[in-house]
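All remarks here apply to the structure that follows.
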Amino acid sequence: MIEIRNVSKKFKKGWYALKNIDLSIAKGDFLFLTGQTGCGKTTLLRLIYMDIFPDEGEVAVAGFLSTTIKEEEIPFLRRRIGIIFQDFKLLRDKTVYENVAFALEVTGQSGRKMREKVMKALTLVGLSHKRNDFPYTLSGGEQQKTAIARALVREPFILLADEPTGNIDPEGSEEIIRILQDVNTAGTAVLMATHDVDLAKRMGGKFLQLEQGQIKKK
Amino acid sequence: MTFIAIGIMFFSLFLLGAFLWGTFNLFGVINLAREKVEINAFLRENLPQKQVEELSEKLMSMVGVERVEYVSKEEALGKFQEEIKDAPSLIEAVKTNPLPASFSIKLKDGFTSPEKVEEVSSKIKIFDEFIAVEYGESWIKRLDRVVKILFLFDMLLGIVISFASVFVVSNTIRLTVLARKRTIEVMKLVGATEKTIHAPFILAGAIEGGIAAALSGGLLYLIYQISSKFFVEFYFPHDYIIAGTIFFGVILGIIGSKLAVKTTSKEMKFESPNV
């Protein structure tokens, strides 16, 4: 479903953020992407959701190729991917429910079907009782759960998580990872970038270690 | 933030509207001056009435001629006496009528440039019945030069004001767009198309432009009313100025917000503390 073929990405002055990366992620995989800050984890995720493009090689995601995709096709690729970040990226003036529903509304969905999908996603992360709360009244863990519900409401085939536990206490972090594991069990692939190797080891699962833009350990 | 955007647009549109109003008045004055352009063809003495009538018809059928007016010797003298009425000694000196009869020829719009007037008058000169054909050559040339300079200056000013308005308005709207940066970011994240992202900003821009235009059109009208009452009565074509300002306002709002949201959306990469 995701094929990364001999991909390199250069930033300023020829400095390689990623070099000769080969990676394939199949349906139902759960993969930790570990490595120190600055090793290229975020760059790899951005290449997958095509916020940036490789200088060499090719990224293939759900039939879209980084070498041929048109700008107006990128939204349709993003609709098939769920993405969560360290800083949650929630809208402060919307409630938990509205934040999740927003992901469907902007693509023209509404009505009972939409409400059902939103409630299902909120139930999955255990936040249905807080649906009318605003993000600033929630803990970091709850905010991240809202972001996960928003990412899942479209039923993506993969969930990309960029340091999802970076702003959350250890207890909350494990809860978030358990939710991601549940999501994975239900059939969605998960690619989670984290600098916390211990956490990744503790939670089990495959991991991929990046060092200075290159894959060190699979 | 919306109020600031409307305020800036109001000011820009007021300038544009005032410019439009000024242009209408400028061209009004130019048209008045152009209407005064005419050719005077002076007739030989004692031509039979029939010949004069035939000549009048021939002149009427010429290209570019709008109206032909016959001025008899008596009318010419009457006009002359009217012009010099402040100098009675001159009137007394004129015992007989030395003035010839003439045709006063008005030209159509588009035939008042120096070249065209010259062309028509040289055709009139061919007729033997005339002793002289005059059209105030130097005055027409000067008028033409002034009109060209004014027109060029007016166009340049219009272009500068229009571009400055779009630039200022776009940058102001950009602030309102940046204030909603997170919303745009999330929309991009969940797969909204550029059209969906742009639409609310463009709609808001059009509405804000319309409101700003209505306010500036109202202010211009108020200034016109006050100046007519207490100072000079300007020419104020309501329809053109009000409709023009509102049209510019909505367009300005749309272009301004489109530019602003496009630039912001293009520049935006998902901000993340990680690499």
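For the structure tokens, the naming scheme is as follows: chains receive sequential letters (A, B, ...) according to their order of presentation, residues are indexed from 1 within each chain, and ligands are indexed from 1 in presentation order.
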| message | What are the residues of chain B lining chain A at 12 Å or less? Count only C-alpha atoms, and put the answer as a PyMOL selection string. | response | chain B and resi 180-200+265-275
| request: Would you mind listing what lies within 9 Å of Ser72 in chain B as a PyMOL selection string, with only C-alpha atoms counted and same-chain residues fewer than 5 positions away left out? | output: chain B and resi 77+100-103
Write to file, as a PDB file, in the first residue's frame, the residues of the selection just made, with C-alpha atoms.
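Result written to out19.pdb:
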ATOM      1  CA  LEU B  77     -23.238  92.223 -38.199  1.00  0.00           C
ATOM      2  CA  PRO B 100     -19.633  88.386 -45.464  1.00  0.00           C
ATOM      3  CA  ALA B 101     -22.353  85.757 -45.031  1.00  0.00           C
ATOM      4  CA  SER B 102     -21.025  82.386 -43.893  1.00  0.00           C
ATOM      5  CA  PHE B 103     -21.712  78.788 -43.036  1.00  0.00           C
TER       6      PHE B 103
END
| Surrounding residues of Lys120 in chain A excluding itself and chain neighbours under 3 positions, 12 Å, only C-alpha atoms, as a list in words | Tyr97, Val100, Ala101, Lys113, Met114, Arg115, Glu116, Lys117, Thr123, Leu124, Val125, Gly126, Leu127, Ser128, Arg131, Ala149, Arg150, Leu152, Val153, Arg154 and Glu155 of chain A
| message | Env of Leu203 in chain B: 9 Å cut, atoms = only C-alpha atoms, seq-sep filter 5 positions within chain, self excluded. Answer as a PyMOL selection string. | response | chain B and resi 198+208+253-254+257
Write the selection just made, keeping C-alpha atoms, as an mmCIF file, in the first residue's frame?
data_model
loop_
_atom_site.group_PDB
_atom_site.id
_atom_site.type_symbol
_atom_site.label_atom_id
_atom_site.label_comp_id
_atom_site.auth_asym_id
_atom_site.auth_seq_id
_atom_site.Cartn_x
_atom_site.Cartn_y
_atom_site.Cartn_z
ATOM 1 C CA HIS B 198 -10.686 29.356 -0.750
ATOM 2 C CA GLU B 208 -16.590 43.028 2.804
ATOM 3 C CA GLY B 253 -12.594 41.910 -2.306
ATOM 4 C CA ILE B 254 -12.549 38.796 -4.472
ATOM 5 C CA SER B 257 -8.845 37.496 -0.790
#
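Picture a line from CA of Asp55 in chain A to CA of Phe11 in chain A; it runs 9.5 Å.
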| request: Identify all residues of range 45-256 of chain B in strand (DSSP E) (DSSP on the backbone) and supply them as a ChimeraX atom specification. | output: /B:65-71,102-107,130-134
Would you mind exporting the chosen residues as a short mmCIF file (atom, residue, chain, number, x, y, z; two decimals), in the first residue's frame, restricted to C-alpha atoms?
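Below is the file that was written, selection-v8.cif:
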data_model
loop_
_atom_site.label_atom_id
_atom_site.label_comp_id
_atom_site.auth_asym_id
_atom_site.auth_seq_id
_atom_site.Cartn_x
_atom_site.Cartn_y
_atom_site.Cartn_z
CA VAL B 65 -20.46 67.04 -40.92
CA GLU B 66 -23.16 67.06 -38.27
CA ARG B 67 -24.87 70.42 -38.75
CA VAL B 68 -24.63 73.35 -41.15
CA GLU B 69 -25.88 76.75 -40.06
CA TYR B 70 -26.22 79.67 -42.45
CA VAL B 71 -25.21 83.06 -41.00
CA SER B 102 -21.03 82.39 -43.89
CA PHE B 103 -21.71 78.79 -43.04
CA SER B 104 -20.98 77.64 -39.53
CA ILE B 105 -20.20 73.92 -39.80
CA LYS B 106 -20.38 71.60 -36.75
CA LEU B 107 -18.52 68.34 -36.93
CA PHE B 130 -16.09 80.55 -50.54
CA ILE B 131 -13.58 83.34 -50.08
CA ALA B 132 -12.11 81.88 -46.92
CA VAL B 133 -12.39 78.78 -44.66
CA GLU B 134 -11.25 79.03 -41.03
#
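Considering only C-alpha atoms, the residue among A:Lys130, A:Lys27, A:Arg202, A:Lys9 positioned nearest to Val96 in chain A is A:Lys130.
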Counting only C-alpha atoms, what is within 8 Å of range 113-122 of chain B, bar same-chain residues fewer than 4 positions away, as a PDB file with C-alpha atoms, in the first residue's frame?
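Heads up, here's the output in out12.pdb:
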ATOM      1  CA  ILE B  39     -15.455  75.427 -39.317  1.00  0.00           C
ATOM      2  CA  VAL B  63     -18.521  62.896 -44.259  1.00  0.00           C
ATOM      3  CA  GLY B  64     -18.075  64.095 -40.681  1.00  0.00           C
ATOM      4  CA  ILE B 126     -12.533  73.328 -53.102  1.00  0.00           C
ATOM      5  CA  VAL B 133     -12.392  78.783 -44.662  1.00  0.00           C
ATOM      6  CA  GLU B 134     -11.248  79.032 -41.028  1.00  0.00           C
ATOM      7  CA  TYR B 135     -11.279  76.688 -38.071  1.00  0.00           C
ATOM      8  CA  GLU B 137      -6.117  75.699 -36.211  1.00  0.00           C
ATOM      9  CA  ILE B 140      -7.595  72.937 -31.870  1.00  0.00           C
ATOM     10  CA  LYS B 141      -4.015  71.653 -31.851  1.00  0.00           C
ATOM     11  CA  ASP B 144      -5.749  68.117 -28.692  1.00  0.00           C
TER      12      ASP B 144
END
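For range 176-189 of chain A, the non-local neighbours within 6 Å, defined as residues at least 6 positions apart in the same chain or in other chains and counting only C-alpha atoms, are Lys27, Gly28, Asp29, Phe30, Phe157 and Ile158 of chain A.
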Export, as an mmCIF file, in the first residue's frame, the selected residues with C-alpha atoms.
data_model
loop_
_atom_site.group_PDB
_atom_site.id
_atom_site.type_symbol
_atom_site.label_atom_id
_atom_site.label_comp_id
_atom_site.auth_asym_id
_atom_site.auth_seq_id
_atom_site.Cartn_x
_atom_site.Cartn_y
_atom_site.Cartn_z
ATOM 1 C CA LYS A 27 -2.145 -3.487 5.176
ATOM 2 C CA GLY A 28 -2.409 -4.082 8.899
ATOM 3 C CA ASP A 29 1.251 -3.272 9.712
ATOM 4 C CA PHE A 30 2.199 -1.517 12.928
ATOM 5 C CA PHE A 157 -6.107 2.650 5.455
ATOM 6 C CA ILE A 158 -3.158 4.025 7.404
#
| query | Residues at most 12 Å from Lys10 in chain A, counting only C-alpha atoms, excluding those fewer than 2 positions away in the same chain, as an NGL selection string? | reply | :A and (7-8 or 12-20 or 40 or 43-44 or 52-57 or 213)
